[in-house]
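Data file: target_27.pdb. Format and content: PDB, C-alpha atoms and all ligand atoms.
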ATOM      1  CA  MET Z 553      -8.946 -40.617  -1.126
ATOM      2  CA  ALA Z 554      -5.505 -40.627  -2.724
ATOM      3  CA  TYR Z 555      -4.755 -39.037  -6.036
ATOM      4  CA  ILE Z 556      -3.304 -41.924  -8.062
ATOM      5  CA  ILE Z 557      -0.823 -41.477 -10.885
ATOM      6  CA  ALA Z 558       0.405 -44.509 -12.838
ATOM      7  CA  SER Z 559       2.958 -44.987 -15.592
ATOM      8  CA  ALA Z 560       2.627 -47.043 -18.775
ATOM      9  CA  GLY Z 561       4.441 -47.462 -22.081
ATOM     10  CA  LYS Z 562       6.822 -49.513 -24.160
ATOM     11  CA  GLY Z 563       9.970 -50.911 -22.543
ATOM     12  CA  GLY Z 564      12.812 -48.526 -21.848
ATOM     13  CA  THR Z 565      10.942 -45.352 -22.706
ATOM     14  CA  GLY Z 566      11.542 -43.670 -19.354
ATOM     15  CA  LYS Z 567       8.542 -44.740 -17.255
ATOM     16  CA  THR Z 568      10.601 -45.222 -14.107
ATOM     17  CA  THR Z 569      12.566 -42.010 -14.617
ATOM     18  CA  ILE Z 570       9.364 -40.023 -15.056
ATOM     19  CA  ALA Z 571       7.631 -41.816 -12.163
ATOM     20  CA  GLY Z 572      10.626 -40.911  -9.975
ATOM     21  CA  LEU Z 573      10.491 -37.258 -10.974
ATOM     22  CA  THR Z 574       6.722 -37.257 -10.466
ATOM     23  CA  ILE Z 575       7.255 -38.446  -6.899
ATOM     24  CA  ARG Z 576       9.755 -35.635  -6.395
ATOM     25  CA  TYR Z 577       7.267 -33.115  -7.795
ATOM     26  CA  LEU Z 578       4.546 -34.267  -5.418
ATOM     27  CA  VAL Z 579       6.918 -34.079  -2.462
ATOM     28  CA  GLU Z 580       8.334 -30.657  -3.378
ATOM     29  CA  LYS Z 581       5.326 -28.917  -4.869
ATOM     30  CA  LYS Z 582       2.389 -30.604  -3.181
ATOM     31  CA  GLY Z 583       3.929 -31.380   0.163
ATOM     32  CA  GLY Z 584       3.393 -35.150  -0.163
ATOM     33  CA  PRO Z 585       3.328 -37.574   1.536
ATOM     34  CA  VAL Z 586       3.505 -39.950  -1.392
ATOM     35  CA  LEU Z 587       3.239 -43.701  -1.514
ATOM     36  CA  ALA Z 588       5.517 -44.884  -4.297
ATOM     37  CA  VAL Z 589       4.614 -48.349  -5.568
ATOM     38  CA  ASP Z 590       7.098 -50.262  -7.652
ATOM     39  CA  ALA Z 591       4.776 -52.633  -9.493
ATOM     40  CA  ASP Z 592       7.387 -53.804 -11.987
ATOM     41  CA  PRO Z 593       8.943 -57.111 -10.919
ATOM     42  CA  ASN Z 594      12.126 -56.195 -12.790
ATOM     43  CA  SER Z 595      12.266 -52.600 -11.811
ATOM     44  CA  CYS Z 596      14.517 -50.490  -9.722
ATOM     45  CA  LEU Z 597      12.392 -47.506  -8.813
ATOM     46  CA  ASN Z 598      14.244 -47.533  -5.507
ATOM     47  CA  GLU Z 599      17.515 -46.788  -7.301
ATOM     48  CA  THR Z 600      15.896 -43.912  -9.132
ATOM     49  CA  LEU Z 601      14.689 -42.620  -5.766
ATOM     50  CA  GLY Z 602      17.912 -43.401  -3.916
ATOM     51  CA  VAL Z 603      16.500 -45.682  -1.225
ATOM     52  CA  GLU Z 604      17.459 -49.174  -0.192
ATOM     53  CA  VAL Z 605      14.963 -51.996  -0.271
ATOM     54  CA  HIS Z 606      15.292 -54.885   2.140
ATOM     55  CA  THR Z 607      12.346 -56.984   1.051
ATOM     56  CA  THR Z 608       9.438 -57.128  -1.355
ATOM     57  CA  VAL Z 609       5.788 -58.006  -1.008
ATOM     58  CA  GLY Z 610       6.338 -60.985  -3.329
ATOM     59  CA  ARG Z 611       9.031 -62.415  -1.107
ATOM     60  CA  LEU Z 612       7.021 -61.910   2.062
ATOM     61  CA  ARG Z 613       3.995 -63.460   0.523
ATOM     62  CA  GLU Z 614       5.983 -66.499  -0.402
ATOM     63  CA  GLY Z 615       7.068 -66.730   3.224
ATOM     64  CA  SER Z 616       3.469 -66.566   4.451
ATOM     65  CA  LEU Z 617       2.400 -69.231   2.001
ATOM     66  CA  GLN Z 618       5.163 -71.496   3.172
ATOM     67  CA  ILE Z 619       3.979 -71.150   6.759
ATOM     68  CA  VAL Z 620       0.505 -72.160   5.669
ATOM     69  CA  ARG Z 621       1.735 -75.059   3.544
ATOM     70  CA  SER Z 622       3.930 -76.439   6.275
ATOM     71  CA  GLY Z 623       1.050 -76.248   8.714
ATOM     72  CA  SER Z 624       3.257 -74.587  11.321
ATOM     73  CA  GLU Z 625       1.877 -72.152  13.810
ATOM     74  CA  ARG Z 626       1.507 -68.565  12.650
ATOM     75  CA  PRO Z 627       3.261 -66.005  14.810
ATOM     76  CA  GLY Z 628       0.996 -64.633  17.525
ATOM     77  CA  GLY Z 629      -1.877 -66.765  16.217
ATOM     78  CA  MET Z 630      -2.495 -64.170  13.489
ATOM     79  CA  SER Z 631      -4.867 -64.964  10.653
ATOM     80  CA  MET Z 632      -3.346 -65.219   7.175
ATOM     81  CA  GLU Z 633      -4.842 -61.853   6.409
ATOM     82  CA  GLN Z 634      -3.397 -60.211   9.527
ATOM     83  CA  LEU Z 635      -0.043 -61.828   8.965
ATOM     84  CA  PHE Z 636       0.140 -60.568   5.454
ATOM     85  CA  GLU Z 637      -0.949 -57.089   6.380
ATOM     86  CA  TYR Z 638       1.754 -57.011   9.008
ATOM     87  CA  GLU Z 639       4.268 -58.059   6.379
ATOM     88  CA  VAL Z 640       3.192 -55.403   3.900
ATOM     89  CA  GLN Z 641       3.774 -52.860   6.638
ATOM     90  CA  GLN Z 642       7.224 -54.368   7.094
ATOM     91  CA  ALA Z 643       7.953 -54.022   3.384
ATOM     92  CA  ILE Z 644       7.259 -50.282   3.310
ATOM     93  CA  VAL Z 645      10.464 -48.263   3.266
ATOM     94  CA  GLU Z 646      10.105 -44.800   4.727
ATOM     95  CA  SER Z 647      11.991 -41.902   3.251
ATOM     96  CA  ARG Z 648      11.733 -38.131   3.399
ATOM     97  CA  GLY Z 649       8.371 -37.108   1.941
ATOM     98  CA  PHE Z 650       7.535 -40.507   0.543
ATOM     99  CA  ASP Z 651       7.283 -44.188   1.387
ATOM    100  CA  LEU Z 652       8.140 -46.947  -1.041
ATOM    101  CA  LEU Z 653       6.439 -50.304  -1.448
ATOM    102  CA  VAL Z 654       8.138 -52.780  -3.763
ATOM    103  CA  MET Z 655       5.873 -55.515  -5.074
ATOM    104  CA  GLY Z 656       8.693 -57.690  -6.409
ATOM    105  CA  ARG Z 657       8.219 -61.036  -7.985
ATOM    106  CA  PRO Z 658       6.347 -63.778  -6.214
ATOM    107  CA  GLU Z 659       8.967 -66.475  -5.962
ATOM    108  CA  GLY Z 660       6.673 -69.458  -5.899
ATOM    109  CA  PRO Z 661       4.884 -70.831  -8.936
ATOM    110  CA  GLY Z 662       1.914 -69.081 -10.467
ATOM    111  CA  CYS Z 663       1.325 -66.360  -7.930
ATOM    112  CA  TYR Z 664       0.983 -63.515 -10.374
ATOM    113  CA  CYS Z 665      -2.732 -62.990 -10.060
ATOM    114  CA  ALA Z 666      -2.449 -63.175  -6.312
ATOM    115  CA  ALA Z 667       0.253 -60.514  -6.433
ATOM    116  CA  ASN Z 668      -1.989 -58.305  -8.517
ATOM    117  CA  ASN Z 669      -4.882 -58.748  -6.161
ATOM    118  CA  ILE Z 670      -2.564 -57.665  -3.425
ATOM    119  CA  ILE Z 671      -1.408 -54.564  -5.273
ATOM    120  CA  ARG Z 672      -5.010 -53.606  -5.869
ATOM    121  CA  LYS Z 673      -6.119 -54.308  -2.366
ATOM    122  CA  TYR Z 674      -3.295 -52.496  -0.666
ATOM    123  CA  VAL Z 675      -3.311 -49.529  -2.985
ATOM    124  CA  ASP Z 676      -7.012 -49.237  -2.226
ATOM    125  CA  ARG Z 677      -6.420 -49.473   1.469
ATOM    126  CA  LEU Z 678      -3.348 -47.256   1.603
ATOM    127  CA  SER Z 679      -5.252 -44.725  -0.471
ATOM    128  CA  ASP Z 680      -6.930 -43.626   2.717
ATOM    129  CA  VAL Z 681      -3.592 -42.917   4.333
ATOM    130  CA  TYR Z 682      -1.593 -41.206   1.589
ATOM    131  CA  PRO Z 683      -2.842 -38.198  -0.362
ATOM    132  CA  TYR Z 684      -0.761 -39.283  -3.355
ATOM    133  CA  VAL Z 685       0.092 -42.662  -4.819
ATOM    134  CA  VAL Z 686       2.469 -43.101  -7.763
ATOM    135  CA  ILE Z 687       2.611 -46.533  -9.385
ATOM    136  CA  ASP Z 688       5.514 -47.419 -11.638
ATOM    137  CA  ASN Z 689       4.310 -50.181 -13.925
ATOM    138  CA  GLU Z 690       6.176 -52.684 -16.019
ATOM    139  CA  ALA Z 691       6.523 -52.268 -19.762
ATOM    140  CA  GLY Z 692       3.706 -53.214 -22.095
ATOM    141  CA  MET Z 693       0.035 -53.665 -21.408
ATOM    142  CA  GLU Z 694      -0.218 -56.722 -19.179
ATOM    143  CA  HIS Z 695      -0.607 -54.637 -16.060
ATOM    144  CA  LEU Z 696      -3.675 -52.946 -17.539
ATOM    145  CA  SER Z 697      -5.505 -56.190 -18.215
ATOM    146  CA  ARG Z 698      -4.483 -57.457 -14.815
ATOM    147  CA  ARG Z 699      -6.044 -54.318 -13.344
ATOM    148  CA  THR Z 700      -3.504 -53.551 -10.694
ATOM    149  CA  THR Z 701      -5.647 -50.667  -9.460
ATOM    150  CA  HIS Z 702      -9.326 -49.950  -9.260
ATOM    151  CA  ARG Z 703      -8.967 -46.407 -10.465
ATOM    152  CA  VAL Z 704      -6.247 -44.082 -11.632
ATOM    153  CA  ASP Z 705      -6.532 -40.310 -11.725
ATOM    154  CA  VAL Z 706      -3.756 -39.799 -14.250
ATOM    155  CA  LEU Z 707      -2.286 -42.430 -16.548
ATOM    156  CA  LEU Z 708       1.081 -41.158 -17.767
ATOM    157  CA  THR Z 709       1.931 -43.056 -20.907
ATOM    158  CA  VAL Z 710       5.557 -42.563 -21.839
ATOM    159  CA  SER Z 711       6.927 -42.959 -25.344
ATOM    160  CA  ASP Z 712      10.331 -42.498 -26.857
ATOM    161  CA  PRO Z 713      10.491 -40.444 -30.033
ATOM    162  CA  THR Z 714       9.863 -43.445 -32.285
ATOM    163  CA  VAL Z 715       6.888 -44.545 -34.324
ATOM    164  CA  ARG Z 716       6.777 -47.818 -32.394
ATOM    165  CA  GLY Z 717       6.694 -46.034 -29.073
ATOM    166  CA  ILE Z 718       3.755 -43.913 -30.196
ATOM    167  CA  GLN Z 719       1.996 -46.984 -31.605
ATOM    168  CA  THR Z 720       2.332 -48.752 -28.273
ATOM    169  CA  ALA Z 721       0.929 -45.670 -26.562
ATOM    170  CA  LYS Z 722      -2.003 -45.775 -28.949
ATOM    171  CA  ARG Z 723      -2.625 -49.441 -28.169
ATOM    172  CA  ILE Z 724      -2.535 -48.699 -24.460
ATOM    173  CA  ASP Z 725      -5.071 -45.951 -24.997
ATOM    174  CA  GLY Z 726      -7.321 -48.375 -26.895
ATOM    175  CA  LEU Z 727      -7.015 -51.021 -24.213
ATOM    176  CA  VAL Z 728      -8.057 -48.572 -21.506
ATOM    177  CA  ASP Z 729     -11.303 -48.057 -23.457
ATOM    178  CA  GLU Z 730     -11.758 -51.723 -24.216
ATOM    179  CA  LEU Z 731     -11.354 -52.771 -20.605
ATOM    180  CA  GLY Z 732     -13.426 -49.845 -19.384
ATOM    181  CA  LEU Z 733     -10.739 -48.889 -16.888
ATOM    182  CA  GLU Z 734     -11.490 -46.068 -14.546
ATOM    183  CA  VAL Z 735      -8.908 -43.515 -15.647
ATOM    184  CA  GLY Z 736      -9.460 -39.814 -14.992
ATOM    185  CA  LYS Z 737      -6.944 -38.333 -17.408
ATOM    186  CA  ARG Z 738      -4.734 -40.067 -19.933
ATOM    187  CA  VAL Z 739      -1.798 -38.233 -21.333
ATOM    188  CA  LEU Z 740       1.233 -38.999 -23.403
ATOM    189  CA  ILE Z 741       4.710 -37.791 -22.530
ATOM    190  CA  ILE Z 742       7.287 -38.080 -25.287
ATOM    191  CA  ASN Z 743      10.630 -38.590 -23.635
ATOM    192  CA  ARG Z 744      14.259 -38.314 -24.740
ATOM    193  CA  VAL Z 745      13.379 -35.905 -27.473
ATOM    194  CA  ASN Z 746      16.010 -33.838 -29.215
ATOM    195  CA  ASN Z 747      15.189 -30.652 -31.016
ATOM    196  CA  GLY Z 748      15.347 -32.327 -34.399
ATOM    197  CA  ASN Z 749      12.386 -34.643 -33.855
ATOM    198  CA  ARG Z 750      10.321 -32.623 -31.418
ATOM    199  CA  LYS Z 751       7.661 -31.265 -33.797
ATOM    200  CA  GLU Z 752       7.436 -34.367 -35.922
ATOM    201  CA  MET Z 753       6.837 -36.715 -32.994
ATOM    202  CA  LYS Z 754       4.346 -34.430 -31.337
ATOM    203  CA  SER Z 755       2.267 -34.122 -34.467
ATOM    204  CA  LEU Z 756       2.464 -37.859 -35.147
ATOM    205  CA  ALA Z 757       1.055 -38.530 -31.680
ATOM    206  CA  GLU Z 758      -1.629 -35.895 -32.031
ATOM    207  CA  ARG Z 759      -2.665 -37.203 -35.422
ATOM    208  CA  SER Z 760      -3.172 -40.629 -33.900
ATOM    209  CA  GLY Z 761      -5.559 -39.060 -31.422
ATOM    210  CA  LEU Z 762      -3.354 -39.016 -28.339
ATOM    211  CA  SER Z 763      -3.324 -36.137 -25.939
ATOM    212  CA  VAL Z 764       0.289 -34.979 -25.641
ATOM    213  CA  ALA Z 765       0.978 -33.430 -22.252
ATOM    214  CA  GLY Z 766       4.484 -32.468 -23.260
ATOM    215  CA  VAL Z 767       7.931 -33.577 -24.263
ATOM    216  CA  VAL Z 768      10.970 -34.239 -22.110
ATOM    217  CA  PRO Z 769      14.311 -33.543 -23.747
ATOM    218  CA  LEU Z 770      17.153 -35.978 -23.977
ATOM    219  CA  ASP Z 771      19.127 -34.843 -20.953
ATOM    220  CA  SER Z 772      22.792 -35.753 -20.653
ATOM    221  CA  MET Z 773      22.569 -35.214 -16.889
ATOM    222  CA  VAL Z 774      20.158 -38.172 -16.654
ATOM    223  CA  TYR Z 775      22.632 -40.271 -18.567
ATOM    224  CA  GLU Z 776      25.521 -39.163 -16.363
ATOM    225  CA  TYR Z 777      23.639 -39.831 -13.140
ATOM    226  CA  ASP Z 778      22.787 -43.255 -14.487
ATOM    227  CA  LEU Z 779      26.372 -43.950 -15.373
ATOM    228  CA  GLN Z 780      27.581 -42.991 -11.917
ATOM    229  CA  GLY Z 781      24.756 -44.824 -10.163
ATOM    230  CA  LYS Z 782      23.406 -41.597  -8.675
ATOM    231  CA  PRO Z 783      19.646 -41.399  -8.050
ATOM    232  CA  ILE Z 784      17.728 -39.423 -10.680
ATOM    233  CA  PHE Z 785      15.646 -38.123  -7.781
ATOM    234  CA  ARG Z 786      18.581 -35.914  -6.822
ATOM    235  CA  LEU Z 787      19.140 -34.309 -10.210
ATOM    236  CA  PRO Z 788      19.650 -30.563  -9.864
ATOM    237  CA  GLY Z 789      16.327 -28.726  -9.914
ATOM    238  CA  ASP Z 790      17.377 -26.765 -12.988
ATOM    239  CA  SER Z 791      18.265 -29.807 -15.076
ATOM    240  CA  GLN Z 792      16.303 -30.109 -18.312
ATOM    241  CA  ALA Z 793      14.501 -33.329 -17.441
ATOM    242  CA  VAL Z 794      13.355 -32.051 -14.033
ATOM    243  CA  LYS Z 795      12.152 -28.765 -15.463
ATOM    244  CA  ALA Z 796      10.252 -30.455 -18.288
ATOM    245  CA  VAL Z 797       8.552 -33.043 -16.074
ATOM    246  CA  PHE Z 798       7.627 -30.414 -13.470
ATOM    247  CA  SER Z 799       6.116 -28.155 -16.097
ATOM    248  CA  ILE Z 800       4.104 -31.037 -17.586
ATOM    249  CA  LEU Z 801       2.774 -31.908 -14.127
ATOM    250  CA  ASP Z 802       1.959 -28.231 -13.487
ATOM    251  CA  SER Z 803      -0.144 -28.260 -16.639
ATOM    252  CA  LEU Z 804      -2.108 -31.297 -15.438
ATOM    253  CA  ALA Z 805      -3.462 -29.322 -12.492
ATOM    254  CA  ILE Z 806      -3.017 -32.128 -10.024
ATOM    255  CA  ARG Z 807      -5.138 -31.689  -6.934
TER
HETATM  256  N1  LIG O   1      15.052 -37.616 -20.643
HETATM  257  C1  LIG O   1      16.053 -38.510 -20.629
HETATM  258  N2  LIG O   1      17.284 -38.169 -21.063
HETATM  259  C2  LIG O   1      18.293 -39.072 -21.076
HETATM  260  N3  LIG O   1      18.185 -40.336 -20.666
HETATM  261  C3  LIG O   1      16.978 -40.750 -20.201
HETATM  262  C4  LIG O   1      15.846 -39.861 -20.156
HETATM  263  N4  LIG O   1      14.809 -40.543 -19.648
HETATM  264  C5  LIG O   1      15.239 -41.791 -19.385
HETATM  265  N5  LIG O   1      16.540 -41.918 -19.722
HETATM  266  C6  LIG O   1      17.365 -43.134 -19.612
HETATM  267  O1  LIG O   1      16.758 -44.161 -20.385
HETATM  268  C7  LIG O   1      16.879 -45.418 -19.743
HETATM  269  C8  LIG O   1      15.508 -46.054 -19.542
HETATM  270  O2  LIG O   1      14.789 -45.288 -18.612
HETATM  271  P1  LIG O   1      13.776 -45.944 -17.577
HETATM  272  O3  LIG O   1      14.413 -47.021 -16.806
HETATM  273  O4  LIG O   1      13.138 -44.834 -16.835
HETATM  274  O5  LIG O   1      12.745 -46.583 -18.606
HETATM  275  P2  LIG O   1      11.538 -47.572 -18.310
HETATM  276  O6  LIG O   1      10.500 -47.239 -19.317
HETATM  277  O7  LIG O   1      11.157 -47.507 -16.889
HETATM  278  O8  LIG O   1      12.210 -48.972 -18.647
HETATM  279  P3  LIG O   1      11.581 -50.435 -18.355
HETATM  280  O9  LIG O   1      10.576 -50.675 -19.438
HETATM  281  O10 LIG O   1      12.768 -51.328 -18.441
HETATM  282  O11 LIG O   1      10.946 -50.379 -16.989
HETATM  283  C9  LIG O   1      17.612 -45.167 -18.451
HETATM  284  O12 LIG O   1      18.971 -45.448 -18.640
HETATM  285  C10 LIG O   1      17.397 -43.684 -18.200
HETATM  286  O13 LIG O   1      18.421 -43.114 -17.449
HETATM  287 MG    MG O   2      10.856 -49.047 -15.502
END
Take the structure in the file and give it back as structure tokens.
Amino acid sequence: MAYIIASAGKGGTGKTTIAGLTIRYLVEKKGGPVLAVDADPNSCLNETLGVEVHTTVGRLREGSLQIVRSGSERPGGMSMEQLFEYEVQQAIVESRGFDLLVMGRPEGPGCYCAANNIIRKYVDRLSDVYPYVVIDNEAGMEHLSRRTTHRVDVLLTVSDPTVRGIQTAKRIDGLVDELGLEVGKRVLIINRVNNGNRKEMKSLAERSGLSVAGVVPLDSMVYEYDLQGKPIFRLPGDSQAVKAVFSILDSLAIR
């Protein structure tokens, strides 16, 4: 069964950046293969990873639904289920050490819960194929209540060095309890920290009962790569952000 790592946190805190570097860690240090799931309809995990996406599960699903609605013949007489499974396979982009599945946004009306059922179902199923799954979630807490996965081994909650970021992390932590989600380990990563606020933020988080796995410094390389549209995945191995994320993941003793 796959080891599943998922991201959470307030908007813009660095969830996608850290998910991307986590994928790199699993490829480089654990030998992969990794299934990367972009579960944020607005996200661009693919840009962080440096791969091109030609379609999304949401778009394909819309296509399947249209076939059903129009009553036209399904290709090869496939059942809806088979057709969709075929399409999910089509949506997987293969890269070196990892594959990427982009959920996208269902384009028709009111398909959100269906999309979430699909994420859950396919992550469950693909869990047998990939030793590691990394899910990059959208900002906020919606994805938790929608239960995009049955179980998560590590929930990486990312905060910026602000009181509001930590408060959101605390609310996420509370919601995990409230919903009784199956989460092995929950940790907080404080991202974009500069030396001035390092201690203060860490102790604020700890005082509110969160388990701080570590801090990631504000790294000008990340900013530069962003500016030039270069994938964060290809940051030099000795850049501050890569080193910090790798050392945090080392400390989590991932199987
Ligand atoms: N350690 C860091 N140092 C410098 N810049 C960073 C760092 N981490 C993230 N950033 C920058 O902060 C911005 C937001 O990062 P990212 O997209 O990963 O956040 P997010 O939490 O996924 O956002 P969203 O909620 O929109 O999905 C990006 O421009 C990213 O390059
Ligand atoms: Mg993101």
Taking the file above as input, evaluate the PyMOL selection byres (((chain Z and resi 560) around 10) and not hetatm) and report the hits as a PDB file with C-alpha atoms, keeping the file's coordinate frame.
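File produced: expr-v2.pdb:
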ATOM      1  CA  ALA Z 558       0.405 -44.509 -12.838  1.00  0.00           C
ATOM      2  CA  SER Z 559       2.958 -44.987 -15.592  1.00  0.00           C
ATOM      3  CA  GLY Z 561       4.441 -47.462 -22.081  1.00  0.00           C
ATOM      4  CA  LYS Z 562       6.822 -49.513 -24.160  1.00  0.00           C
ATOM      5  CA  GLY Z 563       9.970 -50.911 -22.543  1.00  0.00           C
ATOM      6  CA  THR Z 565      10.942 -45.352 -22.706  1.00  0.00           C
ATOM      7  CA  GLY Z 566      11.542 -43.670 -19.354  1.00  0.00           C
ATOM      8  CA  LYS Z 567       8.542 -44.740 -17.255  1.00  0.00           C
ATOM      9  CA  THR Z 568      10.601 -45.222 -14.107  1.00  0.00           C
ATOM     10  CA  ALA Z 571       7.631 -41.816 -12.163  1.00  0.00           C
ATOM     11  CA  ILE Z 687       2.611 -46.533  -9.385  1.00  0.00           C
ATOM     12  CA  ASP Z 688       5.514 -47.419 -11.638  1.00  0.00           C
ATOM     13  CA  ASN Z 689       4.310 -50.181 -13.925  1.00  0.00           C
ATOM     14  CA  GLU Z 690       6.176 -52.684 -16.019  1.00  0.00           C
ATOM     15  CA  ALA Z 691       6.523 -52.268 -19.762  1.00  0.00           C
ATOM     16  CA  GLY Z 692       3.706 -53.214 -22.095  1.00  0.00           C
ATOM     17  CA  MET Z 693       0.035 -53.665 -21.408  1.00  0.00           C
ATOM     18  CA  HIS Z 695      -0.607 -54.637 -16.060  1.00  0.00           C
ATOM     19  CA  LEU Z 696      -3.675 -52.946 -17.539  1.00  0.00           C
ATOM     20  CA  LEU Z 707      -2.286 -42.430 -16.548  1.00  0.00           C
ATOM     21  CA  LEU Z 708       1.081 -41.158 -17.767  1.00  0.00           C
ATOM     22  CA  THR Z 709       1.931 -43.056 -20.907  1.00  0.00           C
ATOM     23  CA  VAL Z 710       5.557 -42.563 -21.839  1.00  0.00           C
ATOM     24  CA  SER Z 711       6.927 -42.959 -25.344  1.00  0.00           C
ATOM     25  CA  THR Z 720       2.332 -48.752 -28.273  1.00  0.00           C
ATOM     26  CA  ALA Z 721       0.929 -45.670 -26.562  1.00  0.00           C
ATOM     27  CA  ILE Z 724      -2.535 -48.699 -24.460  1.00  0.00           C
ATOM     28  CA  ASP Z 725      -5.071 -45.951 -24.997  1.00  0.00           C
ATOM     29  CA  LEU Z 740       1.233 -38.999 -23.403  1.00  0.00           C
TER      30      LEU Z 740
END
Residue contacts of Arg576 in chain Z (12 Å, only C-alpha atoms) excluding same-chain residues fewer than 3 positions away, as a PyMOL selection string = chain Z and resi 569-573+579-588+600-602+647-651+684+686+783-789+794-795+797-798+801
Expected file: the selected residues, C-alpha atoms, as a PDB file, in the coordinates of the input:
ATOM      1  CA  THR Z 569      12.566 -42.010 -14.617  1.00  0.00           C
ATOM      2  CA  ILE Z 570       9.364 -40.023 -15.056  1.00  0.00           C
ATOM      3  CA  ALA Z 571       7.631 -41.816 -12.163  1.00  0.00           C
ATOM      4  CA  GLY Z 572      10.626 -40.911  -9.975  1.00  0.00           C
ATOM      5  CA  LEU Z 573      10.491 -37.258 -10.974  1.00  0.00           C
ATOM      6  CA  VAL Z 579       6.918 -34.079  -2.462  1.00  0.00           C
ATOM      7  CA  GLU Z 580       8.334 -30.657  -3.378  1.00  0.00           C
ATOM      8  CA  LYS Z 581       5.326 -28.917  -4.869  1.00  0.00           C
ATOM      9  CA  LYS Z 582       2.389 -30.604  -3.181  1.00  0.00           C
ATOM     10  CA  GLY Z 583       3.929 -31.380   0.163  1.00  0.00           C
ATOM     11  CA  GLY Z 584       3.393 -35.150  -0.163  1.00  0.00           C
ATOM     12  CA  PRO Z 585       3.328 -37.574   1.536  1.00  0.00           C
ATOM     13  CA  VAL Z 586       3.505 -39.950  -1.392  1.00  0.00           C
ATOM     14  CA  LEU Z 587       3.239 -43.701  -1.514  1.00  0.00           C
ATOM     15  CA  ALA Z 588       5.517 -44.884  -4.297  1.00  0.00           C
ATOM     16  CA  THR Z 600      15.896 -43.912  -9.132  1.00  0.00           C
ATOM     17  CA  LEU Z 601      14.689 -42.620  -5.766  1.00  0.00           C
ATOM     18  CA  GLY Z 602      17.912 -43.401  -3.916  1.00  0.00           C
ATOM     19  CA  SER Z 647      11.991 -41.902   3.251  1.00  0.00           C
ATOM     20  CA  ARG Z 648      11.733 -38.131   3.399  1.00  0.00           C
ATOM     21  CA  GLY Z 649       8.371 -37.108   1.941  1.00  0.00           C
ATOM     22  CA  PHE Z 650       7.535 -40.507   0.543  1.00  0.00           C
ATOM     23  CA  ASP Z 651       7.283 -44.188   1.387  1.00  0.00           C
ATOM     24  CA  TYR Z 684      -0.761 -39.283  -3.355  1.00  0.00           C
ATOM     25  CA  VAL Z 686       2.469 -43.101  -7.763  1.00  0.00           C
ATOM     26  CA  PRO Z 783      19.646 -41.399  -8.050  1.00  0.00           C
ATOM     27  CA  ILE Z 784      17.728 -39.423 -10.680  1.00  0.00           C
ATOM     28  CA  PHE Z 785      15.646 -38.123  -7.781  1.00  0.00           C
ATOM     29  CA  ARG Z 786      18.581 -35.914  -6.822  1.00  0.00           C
ATOM     30  CA  LEU Z 787      19.140 -34.309 -10.210  1.00  0.00           C
ATOM     31  CA  PRO Z 788      19.650 -30.563  -9.864  1.00  0.00           C
ATOM     32  CA  GLY Z 789      16.327 -28.726  -9.914  1.00  0.00           C
ATOM     33  CA  VAL Z 794      13.355 -32.051 -14.033  1.00  0.00           C
ATOM     34  CA  LYS Z 795      12.152 -28.765 -15.463  1.00  0.00           C
ATOM     35  CA  VAL Z 797       8.552 -33.043 -16.074  1.00  0.00           C
ATOM     36  CA  PHE Z 798       7.627 -30.414 -13.470  1.00  0.00           C
ATOM     37  CA  LEU Z 801       2.774 -31.908 -14.127  1.00  0.00           C
TER      38      LEU Z 801
END
key: Given only C-alpha atoms and all ligand atoms as the counted atoms, nearest of Z:His702, Z:Arg738, Z:Arg759, Z:Arg744 to ligand LIG 1 (chain O)   = Z:Arg744
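You will find CA of Ala757 in chain Z at 13.8 Å from CA of Gly726 in chain Z.
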request  = Evaluate the PyMOL selection byres (((chain Z and resi 640-644) around 10) and not hetatm) here and jot the selected residues down as a list in words.
outcome  = Leu587, Ala588, Val589, Val605, His606, Thr607, Thr608, Val609, Gly610, Arg611, Leu612, Arg613, Gln634, Leu635, Phe636, Glu637, Tyr638, Glu639, Val645, Glu646, Ser647, Asp651, Leu652, Leu653, Val654, Met655, Ile670 and Tyr674 of chain Z
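Reported to one decimal place, the separation of CA of Asn594 in chain Z from atom O9 of ligand LIG 1 (chain O) is 8.8 Å.
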Enclosing box along x, y and z for every listed atom of range 680-698 of chain Z, padded 4 Å each side, centre and size in Å, one decimal, as AutoDock Vina command-line options:
--center_x -0.2 --center_y -47.8 --center_z -8.9 --size_x 21.5 --size_y 27.3 --size_z 34.4
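Atom MG of ligand MG 2 (chain O) sits 26.0 Å away from CA of Gly615 in chain Z.
Closest approach to ligand MG 2 (chain O) from the set Z:Leu756, Z:Ala793, Z:Val681, Z:Leu597 is made by Z:Leu597, with distances taken over all atoms listed in the file.
With distances restricted to only C-alpha atoms, Z:Ser791 is the closest residue to Glu776 in chain Z from Z:Ser624, Z:Ser616, Z:Ser791, Z:Ser763.
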query = What residues come out when you apply the PyMOL selection byres (((chain Z and resi 766) around 9) and not hetatm) to this file, written as a ChimeraX atom specification?
reply = /Z:739-743,754,764-765,767-768,796-797,799-800
task = Write out as a list in words which residues come within 6 Å of Arg703 in chain Z when counting only C-alpha atoms, dropping same-chain ones fewer than 2 positions away.
result = Thr701, Glu734 and Val735 of chain Z
note = Of Z:Leu617, Z:Cys596, Z:Val706, Z:Ile556, the one nearest to ligand LIG 1 (chain O) when counting all atoms listed in the file is Z:Cys596
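Non-sequential neighbours of Asn747 in chain Z (distance at most 10 Å, separation of 4 or more positions within a chain, all atoms listed in the file) are Lys751, Glu752, Pro769 and Leu770 of chain Z.
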Given all atoms listed in the file as the counted atoms, nearest of Z:Gly748, Z:Gly628, Z:Gly656, Z:Gly564 to ligand LIG 1 (chain O) = Z:Gly564
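Counting only C-alpha atoms, the residue from Z:Glu633, Z:Val774, Z:Leu578, Z:Ser803 that sits nearest to Pro683 in chain Z is Z:Leu578.
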